[in-house]
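> Below is work_6.txt; it holds compact mmCIF, C-alpha atoms and all ligand atoms.
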```txt
# COMPACT_ATOMS: atom_id res chain seq x y z
CA MET A 1 14.60 14.63 -12.02
CA ILE A 2 10.87 14.66 -12.44
CA PRO A 3 9.99 15.87 -15.94
CA GLU A 4 7.95 19.03 -16.24
CA LEU A 5 4.25 18.34 -15.91
CA GLU A 6 1.01 19.87 -14.73
CA ILE A 7 -1.29 18.57 -12.03
CA ILE A 8 -4.98 18.72 -12.85
CA LYS A 9 -7.49 18.56 -9.99
CA PRO A 10 -10.98 17.83 -11.23
CA PHE A 11 -13.90 18.40 -8.87
CA SER A 12 -16.09 15.63 -10.28
CA LEU A 13 -15.70 12.23 -11.88
CA GLU A 14 -17.25 13.49 -15.11
CA GLU A 15 -14.72 16.28 -15.32
CA ALA A 16 -11.93 13.78 -14.71
CA VAL A 17 -13.16 11.37 -17.40
CA ASP A 18 -13.51 14.23 -19.89
CA PHE A 19 -9.99 15.42 -19.26
CA LEU A 20 -8.55 11.92 -19.58
CA ASN A 21 -10.40 11.44 -22.87
CA ASP A 22 -9.25 14.77 -24.24
CA HIS A 23 -5.60 13.90 -23.48
CA PRO A 24 -5.41 10.13 -23.97
CA ALA A 25 -1.65 9.85 -24.43
CA GLU A 26 -0.51 12.59 -22.10
CA ALA A 27 -2.69 12.29 -19.00
CA ARG A 28 -2.37 9.76 -16.23
CA ILE A 29 -4.22 9.42 -12.95
CA ILE A 30 -2.25 9.94 -9.75
CA ALA A 31 -3.67 8.48 -6.56
CA GLY A 32 -1.12 7.99 -3.75
CA GLY A 33 1.79 8.61 -6.11
CA THR A 34 4.04 6.09 -4.35
CA ASP A 35 4.66 4.25 -7.61
CA ILE A 36 4.35 6.98 -10.21
CA ILE A 37 6.58 9.57 -8.48
CA PRO A 38 9.62 7.30 -8.00
CA GLY A 39 8.86 5.94 -11.50
CA LEU A 40 9.04 9.45 -12.97
CA MET A 41 12.11 10.19 -10.88
CA GLN A 42 13.91 7.15 -12.27
CA GLY A 43 12.74 7.78 -15.83
CA SER A 44 10.75 4.53 -15.97
CA LYS A 45 9.48 3.67 -19.45
CA ARG A 46 6.03 3.03 -17.99
CA PHE A 47 5.60 6.76 -17.45
CA THR A 48 7.20 8.42 -20.48
CA GLY A 49 5.31 11.12 -22.32
CA ILE A 50 3.15 12.14 -19.37
CA LYS A 51 2.30 15.85 -19.38
CA TYR A 52 -0.62 15.86 -16.97
CA LEU A 53 -1.21 14.06 -13.71
CA VAL A 54 -4.88 13.94 -12.85
CA ASP A 55 -5.13 14.11 -9.06
CA LEU A 56 -8.52 12.83 -7.87
CA GLN A 57 -8.17 13.84 -4.19
CA GLN A 58 -10.95 16.43 -4.34
CA ILE A 59 -13.55 13.87 -5.37
CA ASP A 60 -14.96 12.78 -2.02
CA GLU A 61 -17.06 9.89 -3.31
CA LEU A 62 -13.83 8.07 -4.15
CA LYS A 63 -12.98 7.97 -0.43
CA GLU A 64 -16.21 6.50 0.89
CA ILE A 65 -16.77 3.15 2.53
CA ILE A 66 -20.33 1.92 2.07
CA ALA A 67 -21.59 -1.20 3.84
CA ASP A 68 -24.83 -3.04 3.17
CA SER A 69 -25.97 -6.53 4.12
CA GLU A 70 -24.07 -8.19 1.23
CA ASN A 71 -21.10 -6.03 0.34
CA ILE A 72 -18.66 -3.51 1.59
CA THR A 73 -17.85 -1.10 -1.19
CA ILE A 74 -14.74 0.98 -0.85
CA GLY A 75 -13.80 4.06 -2.81
CA ALA A 76 -10.76 3.68 -5.04
CA LEU A 77 -8.81 6.38 -3.18
CA LEU A 78 -8.89 4.60 0.17
CA THR A 79 -5.32 4.36 1.48
CA PHE A 80 -3.85 1.29 3.09
CA SER A 81 -3.74 3.12 6.44
CA GLN A 82 -7.43 3.99 6.20
CA MET A 83 -8.16 0.38 5.39
CA ILE A 84 -6.17 -0.92 8.36
CA ASN A 85 -8.03 1.41 10.70
CA ASN A 86 -11.52 0.47 9.55
CA ASP A 87 -13.28 -1.94 11.91
CA SER A 88 -15.82 -3.34 9.49
CA LEU A 89 -13.09 -4.15 6.96
CA LYS A 90 -11.03 -5.72 9.75
CA ASN A 91 -13.95 -7.93 10.81
CA ASN A 92 -15.15 -8.97 7.39
CA PHE A 93 -11.94 -9.05 5.35
CA PRO A 94 -9.10 -9.89 7.76
CA LEU A 95 -6.76 -11.22 5.03
CA LEU A 96 -7.03 -8.00 3.10
CA VAL A 97 -6.29 -5.91 6.18
CA LYS A 98 -3.40 -8.19 7.10
CA SER A 99 -1.89 -7.80 3.63
CA ALA A 100 -2.45 -4.03 3.78
CA SER A 101 -0.51 -3.82 7.03
CA THR A 102 2.53 -5.45 5.38
CA VAL A 103 2.72 -2.95 2.51
CA GLY A 104 5.83 -0.73 2.48
CA SER A 105 6.05 1.40 5.61
CA VAL A 106 3.75 3.70 7.56
CA GLN A 107 4.76 6.58 5.27
CA ILE A 108 3.89 4.55 2.16
CA ARG A 109 0.63 3.21 3.62
CA ASN A 110 -0.47 6.75 4.48
CA ARG A 111 -0.40 7.64 0.77
CA ALA A 112 -0.69 4.46 -1.29
CA THR A 113 -4.14 3.25 -2.32
CA VAL A 114 -5.53 -0.25 -2.70
CA ALA A 115 -6.80 0.52 -6.18
CA GLY A 116 -3.40 1.86 -7.21
CA ASN A 117 -1.91 -1.41 -6.07
CA PHE A 118 -3.84 -3.51 -8.60
CA ILE A 119 -4.14 -0.93 -11.38
CA ASN A 120 -0.37 -0.94 -11.44
CA ASN A 121 -0.57 -4.72 -11.47
CA ALA A 122 3.00 -5.36 -10.39
CA PRO A 123 3.55 -9.08 -9.69
CA CYS A 124 4.30 -8.26 -6.06
CA ALA A 125 1.15 -6.21 -5.31
CA ASP A 126 0.46 -7.48 -1.79
CA SER A 127 -3.25 -6.79 -1.61
CA VAL A 128 -4.11 -8.63 -4.83
CA PRO A 129 -4.20 -12.28 -3.59
CA PRO A 130 -6.55 -11.37 -0.69
CA LEU A 131 -8.77 -9.30 -3.01
CA LEU A 132 -8.94 -12.28 -5.36
CA VAL A 133 -9.96 -14.81 -2.71
CA TYR A 134 -12.67 -12.41 -1.56
CA ASN A 135 -14.03 -12.37 -5.15
CA ALA A 136 -13.57 -8.60 -5.36
CA LYS A 137 -15.29 -6.80 -8.20
CA ILE A 138 -14.38 -3.38 -9.44
CA LYS A 139 -16.52 -0.58 -10.75
CA LEU A 140 -15.24 1.46 -13.67
CA LEU A 141 -16.38 4.72 -15.17
CA GLY A 142 -15.73 5.61 -18.78
CA VAL A 143 -17.34 7.79 -21.44
CA ASN A 144 -20.12 5.23 -21.80
CA GLY A 145 -20.95 5.18 -18.11
CA ASN A 146 -20.40 2.74 -15.26
CA TYR A 147 -19.78 -0.97 -15.44
CA GLU A 148 -18.49 -3.74 -13.19
CA MET A 149 -15.94 -6.48 -13.68
CA PRO A 150 -14.45 -9.21 -11.46
CA LEU A 151 -10.92 -8.21 -10.44
CA SER A 152 -9.63 -11.56 -11.70
CA ASP A 153 -10.75 -10.58 -15.24
CA PHE A 154 -9.32 -7.09 -14.96
CA LEU A 155 -5.73 -8.21 -14.40
CA ILE A 156 -4.09 -9.36 -17.63
CA LYS A 157 -0.32 -9.56 -17.29
CA PRO A 158 2.41 -7.77 -15.33
CA TYR A 159 1.75 -4.01 -15.46
CA PHE A 160 -1.25 -4.48 -17.81
CA THR A 161 -4.95 -4.46 -17.00
CA ARG A 162 -8.18 -4.06 -18.94
CA LEU A 163 -8.38 -0.39 -17.94
CA LYS A 164 -9.10 1.51 -21.14
CA THR A 165 -7.74 4.94 -21.92
CA GLY A 166 -9.95 7.55 -20.33
CA GLU A 167 -11.43 5.21 -17.73
CA ILE A 168 -11.32 5.45 -13.94
CA VAL A 169 -11.66 2.67 -11.38
CA THR A 170 -14.09 4.22 -8.92
CA GLN A 171 -14.92 1.48 -6.41
CA ILE A 172 -13.97 -1.93 -5.17
CA ILE A 173 -16.90 -4.15 -4.26
CA LEU A 174 -16.16 -6.79 -1.64
CA PRO A 175 -18.84 -9.43 -1.14
CA LYS A 176 -18.94 -10.44 2.54
CA PRO A 177 -17.98 -14.10 2.82
CA LYS A 178 -20.29 -16.45 4.71
CA LYS A 179 -19.43 -17.05 8.35
CA GLU A 180 -18.01 -20.55 7.74
CA PHE A 181 -15.18 -19.12 5.67
CA ILE A 182 -11.86 -18.96 7.40
CA GLY A 183 -8.55 -17.97 5.87
CA ASP A 184 -5.09 -16.54 6.18
CA PHE A 185 -2.47 -14.54 4.28
CA TYR A 186 1.25 -15.27 4.00
CA LYS A 187 4.03 -12.99 2.80
CA LEU A 188 7.71 -13.60 2.36
CA GLY A 189 10.04 -10.68 1.69
CA ARG A 190 13.75 -10.15 2.11
CA ARG A 191 13.12 -8.06 5.21
CA ARG A 192 10.04 -7.14 7.16
CA GLY A 193 9.78 -3.42 6.45
CA VAL A 194 9.85 -1.75 3.02
CA ALA A 195 10.57 -5.01 1.23
CA ILE A 196 9.32 -6.17 -2.15
CA SER A 197 7.45 -9.45 -1.69
CA ARG A 198 8.94 -12.65 -3.05
CA ILE A 199 5.98 -14.87 -2.27
CA THR A 200 2.45 -14.00 -1.22
CA LEU A 201 -0.33 -16.52 -0.69
CA ALA A 202 -3.95 -16.21 0.35
CA ALA A 203 -6.34 -19.02 1.21
CA LEU A 204 -10.00 -18.74 2.14
CA ILE A 205 -11.79 -21.97 2.94
CA GLN A 206 -15.25 -23.03 3.94
CA ILE A 207 -15.02 -25.87 6.42
CA GLU A 208 -18.04 -28.06 7.17
CA ASP A 209 -17.52 -30.80 9.76
CA ASN A 210 -14.27 -32.35 8.58
CA LYS A 211 -14.77 -31.55 4.90
CA LEU A 212 -13.65 -28.74 2.68
CA GLY A 213 -16.54 -26.79 1.21
CA GLU A 214 -15.62 -24.01 -1.18
CA ILE A 215 -11.88 -23.36 -1.41
CA ARG A 216 -10.30 -20.21 -2.76
CA LEU A 217 -6.55 -19.99 -3.28
CA ALA A 218 -4.44 -17.19 -4.71
CA SER A 219 -0.78 -16.34 -5.10
CA GLY A 220 1.26 -13.25 -5.89
CA ALA A 221 4.91 -12.34 -6.60
CA VAL A 222 5.79 -15.98 -7.22
CA SER A 223 3.31 -15.97 -10.13
CA PRO A 224 3.61 -13.36 -12.95
CA ILE A 225 0.60 -11.50 -11.53
CA GLY A 226 -1.75 -12.14 -8.62
CA MET A 227 -3.88 -15.12 -9.66
CA ARG A 228 -6.53 -17.61 -8.49
CA PHE A 229 -6.30 -21.39 -8.95
CA PHE A 230 -9.83 -22.20 -10.07
CA ASP A 231 -9.12 -25.73 -11.39
CA LEU A 232 -7.36 -26.74 -8.23
CA GLU A 233 -10.11 -25.26 -6.08
CA GLN A 234 -12.74 -27.32 -7.89
CA LYS A 235 -10.70 -30.48 -7.77
CA TYR A 236 -10.40 -30.43 -3.98
CA SER A 237 -13.69 -28.90 -2.93
CA GLY A 238 -15.73 -31.49 -1.00
CA SER A 239 -12.68 -33.53 0.09
CA VAL A 240 -12.30 -34.88 3.60
CA ILE A 241 -9.61 -32.96 5.50
CA SER A 242 -6.44 -34.86 6.30
CA ASP A 243 -2.77 -34.03 6.49
CA LYS A 244 -2.28 -35.89 3.22
CA LEU A 245 -4.95 -33.76 1.54
CA LEU A 246 -3.34 -30.49 2.60
CA LYS A 247 -0.02 -31.77 1.27
CA ASN A 248 -1.58 -32.74 -2.05
CA ILE A 249 -3.22 -29.34 -2.48
CA SER A 250 0.07 -27.58 -1.74
CA SER A 251 2.03 -29.83 -4.05
CA ASP A 252 -0.47 -29.26 -6.89
CA LEU A 253 -0.32 -25.53 -6.31
CA GLY A 254 3.45 -25.57 -6.84
CA LYS A 255 3.00 -27.50 -10.08
CA GLU A 256 0.37 -25.04 -11.31
CA ILE A 257 2.69 -22.11 -10.60
CA LEU A 258 5.48 -23.85 -12.49
CA LYS A 259 3.12 -24.23 -15.45
CA VAL A 260 2.53 -20.47 -15.67
CA THR A 261 6.04 -19.30 -14.93
CA GLY A 262 7.97 -22.00 -16.78
CA LEU A 263 11.20 -23.22 -15.29
CA ARG A 264 13.31 -20.34 -13.97
CA TRP A 265 16.65 -20.19 -12.21
CA SER A 266 14.77 -19.57 -8.98
CA SER A 267 12.18 -22.33 -9.43
CA GLU A 268 14.35 -24.84 -7.65
CA TYR A 269 13.90 -23.06 -4.34
CA LYS A 270 10.77 -21.00 -4.90
CA VAL A 271 8.48 -23.88 -5.81
CA PRO A 272 9.24 -26.04 -2.74
CA VAL A 273 9.14 -22.98 -0.48
CA THR A 274 5.77 -21.96 -1.92
CA GLN A 275 4.44 -25.49 -1.48
CA GLN A 276 5.60 -25.64 2.12
CA ALA A 277 4.24 -22.15 2.84
CA MET A 278 0.85 -23.11 1.41
CA TYR A 279 0.84 -26.31 3.44
CA LEU A 280 1.56 -24.39 6.66
CA LEU A 281 -1.09 -21.85 5.76
CA LEU A 282 -3.72 -24.55 5.21
CA GLU A 283 -2.70 -26.34 8.37
CA ARG A 284 -3.00 -23.13 10.35
CA ILE A 285 -6.45 -22.45 8.90
CA CYS A 286 -7.68 -25.98 9.73
CA SER A 287 -6.39 -25.89 13.29
CA ALA A 288 -7.82 -22.39 13.82
CA HIS A 289 -11.14 -23.84 12.70
CA LYS A 290 -10.91 -26.62 15.27
CA GLN A 291 -10.22 -24.09 18.00
CA VAL A 292 -13.22 -22.00 17.05
CA LYS A 293 -15.35 -25.13 17.36
CA MET B 1 4.47 26.55 -15.67
CA LYS B 2 4.43 28.13 -12.20
CA ILE B 3 1.51 27.62 -9.89
CA LYS B 4 0.61 29.16 -6.55
CA VAL B 5 0.29 26.85 -3.55
CA SER B 6 -0.84 27.87 -0.09
CA PHE B 7 -0.42 25.64 2.91
CA ILE B 8 0.34 25.73 6.61
CA LEU B 9 3.99 25.10 7.34
CA ASN B 10 5.05 24.67 10.96
CA GLY B 11 2.02 26.61 12.09
CA LEU B 12 2.39 29.50 9.66
CA GLN B 13 0.38 30.12 6.52
CA VAL B 14 2.71 30.23 3.51
CA THR B 15 2.10 30.81 -0.18
CA VAL B 16 4.78 29.92 -2.71
CA GLU B 17 5.07 30.11 -6.45
CA THR B 18 6.55 26.94 -7.79
CA GLU B 19 6.21 24.24 -10.40
CA ALA B 20 3.60 21.54 -9.88
CA HIS B 21 6.08 18.72 -10.42
CA ARG B 22 8.52 19.97 -7.81
CA ARG B 23 8.86 17.55 -4.92
CA LEU B 24 7.79 18.73 -1.49
CA LEU B 25 11.31 17.77 -0.38
CA ASP B 26 12.92 20.25 -2.80
CA LEU B 27 10.37 22.91 -2.02
CA LEU B 28 11.25 22.67 1.68
CA ARG B 29 15.00 22.46 1.28
CA ASP B 30 15.75 24.72 -1.67
CA ASP B 31 12.90 27.23 -1.81
CA LEU B 32 12.08 27.56 1.88
CA ASN B 33 15.55 26.88 3.28
CA LEU B 34 14.36 24.23 5.68
CA THR B 35 17.27 21.86 5.28
CA GLY B 36 16.48 19.74 8.34
CA THR B 37 14.52 17.40 6.09
CA LYS B 38 17.04 15.13 4.34
CA GLU B 39 17.18 13.35 1.02
CA GLY B 40 18.44 9.78 1.08
CA CYS B 41 17.10 7.37 -1.51
CA ALA B 42 14.61 9.65 -3.33
CA ILE B 43 12.30 6.65 -3.96
CA GLY B 44 10.40 6.22 -0.71
CA GLU B 45 12.56 3.58 0.94
CA CYS B 46 14.76 5.29 3.54
CA GLY B 47 12.48 7.72 5.39
CA ALA B 48 15.14 10.46 5.72
CA CYS B 49 12.72 12.89 4.07
CA THR B 50 9.78 12.15 6.41
CA VAL B 51 7.54 15.08 7.33
CA VAL B 52 4.11 15.16 8.94
CA MET B 53 1.32 16.08 6.51
CA ASN B 54 -2.22 16.42 7.82
CA LYS B 55 -1.14 14.60 11.01
CA LEU B 56 0.34 11.64 9.11
CA ALA B 57 3.96 10.72 8.40
CA VAL B 58 4.73 10.89 4.68
CA ASN B 59 7.86 10.74 2.55
CA SER B 60 8.34 14.25 1.17
CA CYS B 61 10.19 12.77 -1.82
CA LEU B 62 6.87 11.17 -2.84
CA VAL B 63 4.67 14.26 -2.65
CA LEU B 64 4.54 16.88 -5.38
CA ALA B 65 4.07 20.61 -4.84
CA GLY B 66 0.88 20.47 -6.91
CA GLN B 67 -0.64 18.15 -4.29
CA ILE B 68 -0.16 20.17 -1.12
CA ASP B 69 -2.48 23.12 -1.51
CA GLY B 70 -4.43 23.48 1.75
CA ALA B 71 -2.36 20.89 3.62
CA GLU B 72 -0.87 21.25 7.06
CA ILE B 73 2.81 20.32 7.08
CA ILE B 74 5.20 19.99 10.00
CA THR B 75 8.93 19.53 9.57
CA ILE B 76 11.67 18.98 12.13
CA GLU B 77 12.10 22.76 12.32
CA GLY B 78 8.54 23.05 13.61
CA LEU B 79 9.07 21.01 16.76
CA MET B 80 11.03 23.48 18.85
CA LYS B 81 8.74 25.70 20.93
CA ASN B 82 9.88 29.02 22.48
CA GLY B 83 13.53 28.14 22.12
CA ALA B 84 13.15 24.79 23.86
CA LEU B 85 13.75 21.45 22.16
CA HIS B 86 10.81 19.10 21.79
CA SER B 87 10.80 16.16 24.18
CA LEU B 88 11.66 13.83 21.27
CA GLN B 89 14.70 15.92 20.34
CA GLN B 90 15.81 16.09 23.96
CA LYS B 91 15.45 12.34 24.49
CA PHE B 92 17.29 11.48 21.27
CA ILE B 93 20.26 13.43 22.64
CA GLU B 94 20.02 11.97 26.15
CA LYS B 95 19.75 8.37 24.97
CA GLY B 96 22.53 8.61 22.40
CA ALA B 97 20.10 7.99 19.55
CA VAL B 98 22.01 10.31 17.21
CA GLN B 99 25.34 9.56 15.59
CA CYS B 100 25.85 11.07 12.14
CA GLY B 101 22.34 12.50 12.47
CA PHE B 102 21.28 12.04 8.87
CA CYS B 103 18.32 9.81 9.68
CA THR B 104 17.38 11.74 12.82
CA PRO B 105 14.94 14.33 11.45
CA GLY B 106 13.01 11.63 9.60
CA MET B 107 13.06 9.32 12.63
CA ILE B 108 11.78 12.07 14.87
CA MET B 109 9.01 13.06 12.47
CA SER B 110 7.86 9.43 12.20
CA ALA B 111 7.90 9.23 16.00
CA TYR B 112 6.05 12.55 16.26
CA ALA B 113 3.29 11.27 13.97
CA LEU B 114 3.06 8.13 16.10
CA LEU B 115 2.71 10.14 19.32
CA LEU B 116 0.00 12.30 17.72
CA SER B 117 -2.26 9.27 17.44
CA ASN B 118 -0.91 7.14 20.28
CA LYS B 119 0.37 8.80 23.43
CA ASN B 120 1.80 5.65 24.99
CA PRO B 121 3.11 3.38 22.24
CA ASP B 122 4.63 0.03 23.20
CA GLU B 123 7.86 -1.26 21.69
CA GLU B 124 6.13 -3.08 18.82
CA GLU B 125 4.17 0.03 17.89
CA ILE B 126 7.34 2.11 17.92
CA LYS B 127 9.14 -0.41 15.72
CA GLU B 128 6.25 -0.41 13.25
CA ALA B 129 6.20 3.39 13.15
CA ILE B 130 9.90 3.63 12.28
CA ALA B 131 10.09 0.55 10.03
CA GLY B 132 10.26 2.93 7.08
CA ASN B 133 13.23 4.86 8.52
CA LEU B 134 16.70 3.49 8.02
CA CYS B 135 19.60 4.29 10.33
CA ARG B 136 23.06 3.09 9.40
CA CYS B 137 24.88 4.27 12.54
CA THR B 138 23.38 4.02 15.97
CA GLY B 139 21.53 0.78 15.92
CA TYR B 140 17.86 1.08 16.62
CA LYS B 141 17.84 0.29 20.32
CA GLN B 142 18.67 3.80 21.50
CA ILE B 143 16.19 5.26 19.03
CA ILE B 144 13.40 3.05 20.33
CA GLU B 145 14.28 3.92 23.93
CA ALA B 146 14.33 7.64 23.15
CA ILE B 147 10.86 7.45 21.57
CA ALA B 148 9.48 5.34 24.42
CA ASP B 149 10.65 8.03 26.87
CA SER B 150 9.24 10.98 24.95
CA GLU B 151 5.95 12.70 25.24
CA ILE B 152 4.08 14.94 22.90
S1 LIG A 301 14.54 10.26 0.41
FE1 LIG A 301 12.44 10.01 0.67
S2 LIG A 301 12.28 8.03 1.48
FE2 LIG A 301 14.38 8.18 1.02
S1 LIG A 302 22.54 8.38 13.01
FE1 LIG A 302 23.58 8.07 11.13
S2 LIG A 302 22.06 7.19 9.90
FE2 LIG A 302 21.11 7.24 11.81
```
Kindly transcribe the structure held in the file into C-alpha cells.

Amino acid sequence: MIPELEIIKPFSLEEAVDFLNDHPAEARIIAGGTDIIPGLMQGSKRFTGIKYLVDLQQIDELKEIIADSENITIGALLTFSQMINNDSLKNNFPLLVKSASTVGSVQIRNRATVAGNFINNAPCADSVPPLLVYNAKIKLLGVNGNYEMPLSDFLIKPYFTRLKTGEIVTQIILPKPKKEFIGDFYKLGRRRGVAISRITLAALIQIEDNKLGEIRLASGAVSPIGMRFFDLEQKYSGSVISDKLLKNISSDLGKEILKVTGLRWSSEYKVPVTQQAMYLLLERICSAHKQVK
Amino acid sequence: MKIKVSFILNGLQVTVETEAHRRLLDLLRDDLNLTGTKEGCAIGECGACTVVMNKLAVNSCLVLAGQIDGAEIITIEGLMKNGALHSLQQKFIEKGAVQCGFCTPGMIMSAYALLLSNKNPDEEEIKEAIAGNLCRCTGYKQIIEAIADSEI
C-alpha cells in the first residue's frame, strides 16, 4: 500500500523551492513517478517519512527544449518519449536518444523523465553514460538562486547525488559535439523489454585521419554508478587507430572497472564481456567513420 | 485527506472525491467500478493495468489520483461504441489473441495508443508498443496479427 500523503502542485519554481525548504524531511519531488510510486508501494527505505510529493507538472518552463548555436538545453521534466520524438536531439545526441529508447517500455517512457533517471542515480540508469560522454551539465535552483554543475560531479555514489535539500534540478545543458565526433551506445539486459540493464557503455570519439582525437568513454550498471574514464581517455587520445589499439583500450577499461568495483562473484564473466562489448563498440564506431568518408 | 479531482473518463466528465495517494488503478476499479483494467505486478512491469492518458499509454499502477486532475483517460470500457466492439476487440477475438484474457485489456490499450499516433504500424512498431505488456498464455503471434489487422 502507498502510505497516506498529499500531492502539492506549485505553479512556479519559487513556490516549489519554498515548499521544499519549509518541509525538508517530509517533501520529495515527483516527476514521472515511475521509481517513487513502486518504491512507496514496496515500502522502500529510500522513501520513508514522505508526507508530501511535490508535483512540478504545472511548471511549463521545466518542459522546454531550447536550442542555440552551442547547446541544446532541455527542461528537467522532459520524458523519454518526448526526447525520442525530438528531431534536434536525435540529430545532435544520437547516443542519448538511443539509450532513451531502451528504457523500460512505452508506458514507462511516456512518464519517466531523463532528470529523474540521474537524480535517482541507480547504477543501471540507462541515460547516464550517454549524458556523461556528451559532457552534460545541469542547472540547479535553490534558495540562493541558480547554479550549474557538470553531471559527472553531481553523481556521487549509488542513489546519492549532490542535490541539496530544497533544491530542484531545472535543466540539462547539452553542449553540441563537433561534427568529427562519432559514437555509439551499448546495452545488455536479461531481456529486451522492461529489463534492468546489466551493462551499459557509451563511447564518443573524434577521429582525424587514422588517429584518435578526443575520446570519451563511459559505463553504467557494471560500475557502481554511471562514470567516465578520464585517465584512460587521456592516455589514448592522439593514438593511431589499429585493431591492437582498440583491444588495449577495451582491456584497460575492464581493469579500471575492476578497480572501482573490487572483485565480485560476477567479475569473472562481467569484466571480459564488458571488454569485448567495448571492443565491438569501438570497432563499429571506427568502421562507421570509414564509411562516412 | 480527501481531495476533489475532475477528469474526462471515456468521454465523460467525472469528478471524484478521493485521496491523493490513491493509485489511478484503484480509483478505476474500486471507486468507479471499471474492473476491465487489471492489476498484475503493481510495479510497472507487466502492463496489465495500461490505460490511455492524454493520448499516451501509461501504467495506471504508476499514476496517483492527485496527478490526474484535468487529464483525459480512456480505459478498455471506453472502446465500445454504440454497442459495437472496437475493431481491436473484434480482431483479438477473431485471431485467437485471447486465452485467459488477463493481459488483454492492457494489450488492447497499448495497441490503441499506438494506432492513435500511427495508423499503419509495421510488425516492429507493434512489438515495441506491446513490449511492456506480458502475456503468459497465447504467445504473442496472434496478438501481433490482431493488432496489424485492426484500425482505429
Ligand atoms: S500492474 Fe501495472 S504494470 Fe503491472
Ligand atoms: S491471455 Fe492469458 S495472459 Fe495473455
> Return the single residue from B:Leu79, B:Leu114, B:Ile8, B:Cys103 that is closest to chain A, with distances computed using only C-alpha atoms.
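Ranked by minimum distance to chain A, first place goes to B:Leu114.
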> What's the 8 Å shell around Ser150 in chain B, counting only C-alpha atoms, without same-chain residues fewer than 5 positions away, as a list in words?
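Counting only the stated atoms, we get Ser87, Leu88 and Lys91 of chain B.
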> Could you please select, counting only C-alpha atoms, the residues of chain A within 12 Å of chain B and state them as a PyMOL selection string?
chain A and resi 1-9+30-43+50-58+79+81-82+85+101-112+191-196
> Go ahead and save the picked residues with C-alpha atoms, as an mmCIF file, keeping the file's coordinate frame.

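Result written to part39.cif:
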```
data_model
loop_
_atom_site.group_PDB
_atom_site.id
_atom_site.type_symbol
_atom_site.label_atom_id
_atom_site.label_comp_id
_atom_site.auth_asym_id
_atom_site.auth_seq_id
_atom_site.Cartn_x
_atom_site.Cartn_y
_atom_site.Cartn_z
ATOM 1 C CA MET A 1 14.600 14.630 -12.020
ATOM 2 C CA ILE A 2 10.870 14.660 -12.440
ATOM 3 C CA PRO A 3 9.990 15.870 -15.940
ATOM 4 C CA GLU A 4 7.950 19.030 -16.240
ATOM 5 C CA LEU A 5 4.250 18.340 -15.910
ATOM 6 C CA GLU A 6 1.010 19.870 -14.730
ATOM 7 C CA ILE A 7 -1.290 18.570 -12.030
ATOM 8 C CA ILE A 8 -4.980 18.720 -12.850
ATOM 9 C CA LYS A 9 -7.490 18.560 -9.990
ATOM 10 C CA ILE A 30 -2.250 9.940 -9.750
ATOM 11 C CA ALA A 31 -3.670 8.480 -6.560
ATOM 12 C CA GLY A 32 -1.120 7.990 -3.750
ATOM 13 C CA GLY A 33 1.790 8.610 -6.110
ATOM 14 C CA THR A 34 4.040 6.090 -4.350
ATOM 15 C CA ASP A 35 4.660 4.250 -7.610
ATOM 16 C CA ILE A 36 4.350 6.980 -10.210
ATOM 17 C CA ILE A 37 6.580 9.570 -8.480
ATOM 18 C CA PRO A 38 9.620 7.300 -8.000
ATOM 19 C CA GLY A 39 8.860 5.940 -11.500
ATOM 20 C CA LEU A 40 9.040 9.450 -12.970
ATOM 21 C CA MET A 41 12.110 10.190 -10.880
ATOM 22 C CA GLN A 42 13.910 7.150 -12.270
ATOM 23 C CA GLY A 43 12.740 7.780 -15.830
ATOM 24 C CA ILE A 50 3.150 12.140 -19.370
ATOM 25 C CA LYS A 51 2.300 15.850 -19.380
ATOM 26 C CA TYR A 52 -0.620 15.860 -16.970
ATOM 27 C CA LEU A 53 -1.210 14.060 -13.710
ATOM 28 C CA VAL A 54 -4.880 13.940 -12.850
ATOM 29 C CA ASP A 55 -5.130 14.110 -9.060
ATOM 30 C CA LEU A 56 -8.520 12.830 -7.870
ATOM 31 C CA GLN A 57 -8.170 13.840 -4.190
ATOM 32 C CA GLN A 58 -10.950 16.430 -4.340
ATOM 33 C CA THR A 79 -5.320 4.360 1.480
ATOM 34 C CA SER A 81 -3.740 3.120 6.440
ATOM 35 C CA GLN A 82 -7.430 3.990 6.200
ATOM 36 C CA ASN A 85 -8.030 1.410 10.700
ATOM 37 C CA SER A 101 -0.510 -3.820 7.030
ATOM 38 C CA THR A 102 2.530 -5.450 5.380
ATOM 39 C CA VAL A 103 2.720 -2.950 2.510
ATOM 40 C CA GLY A 104 5.830 -0.730 2.480
ATOM 41 C CA SER A 105 6.050 1.400 5.610
ATOM 42 C CA VAL A 106 3.750 3.700 7.560
ATOM 43 C CA GLN A 107 4.760 6.580 5.270
ATOM 44 C CA ILE A 108 3.890 4.550 2.160
ATOM 45 C CA ARG A 109 0.630 3.210 3.620
ATOM 46 C CA ASN A 110 -0.470 6.750 4.480
ATOM 47 C CA ARG A 111 -0.400 7.640 0.770
ATOM 48 C CA ALA A 112 -0.690 4.460 -1.290
ATOM 49 C CA ARG A 191 13.120 -8.060 5.210
ATOM 50 C CA ARG A 192 10.040 -7.140 7.160
ATOM 51 C CA GLY A 193 9.780 -3.420 6.450
ATOM 52 C CA VAL A 194 9.850 -1.750 3.020
ATOM 53 C CA ALA A 195 10.570 -5.010 1.230
ATOM 54 C CA ILE A 196 9.320 -6.170 -2.150
#
```
> Give as number ranges by chain the residues surrounding ligand LIG 302 (chain A) up to a distance of 9 Å, considering only C-alpha atoms and all ligand atoms.
B: 48, 97-104, 107, 133-140, 143
> Those same residues - C-alpha atoms - I'd like them written as a short mmCIF file (atom, residue, chain, number, x, y, z; two decimals), in the coordinates of the input.

```
data_model
loop_
_atom_site.label_atom_id
_atom_site.label_comp_id
_atom_site.auth_asym_id
_atom_site.auth_seq_id
_atom_site.Cartn_x
_atom_site.Cartn_y
_atom_site.Cartn_z
CA ALA B 48 15.14 10.46 5.72
CA ALA B 97 20.10 7.99 19.55
CA VAL B 98 22.01 10.31 17.21
CA GLN B 99 25.34 9.56 15.59
CA CYS B 100 25.85 11.07 12.14
CA GLY B 101 22.34 12.50 12.47
CA PHE B 102 21.28 12.04 8.87
CA CYS B 103 18.32 9.81 9.68
CA THR B 104 17.38 11.74 12.82
CA MET B 107 13.06 9.32 12.63
CA ASN B 133 13.23 4.86 8.52
CA LEU B 134 16.70 3.49 8.02
CA CYS B 135 19.60 4.29 10.33
CA ARG B 136 23.06 3.09 9.40
CA CYS B 137 24.88 4.27 12.54
CA THR B 138 23.38 4.02 15.97
CA GLY B 139 21.53 0.78 15.92
CA TYR B 140 17.86 1.08 16.62
CA ILE B 143 16.19 5.26 19.03
#
```
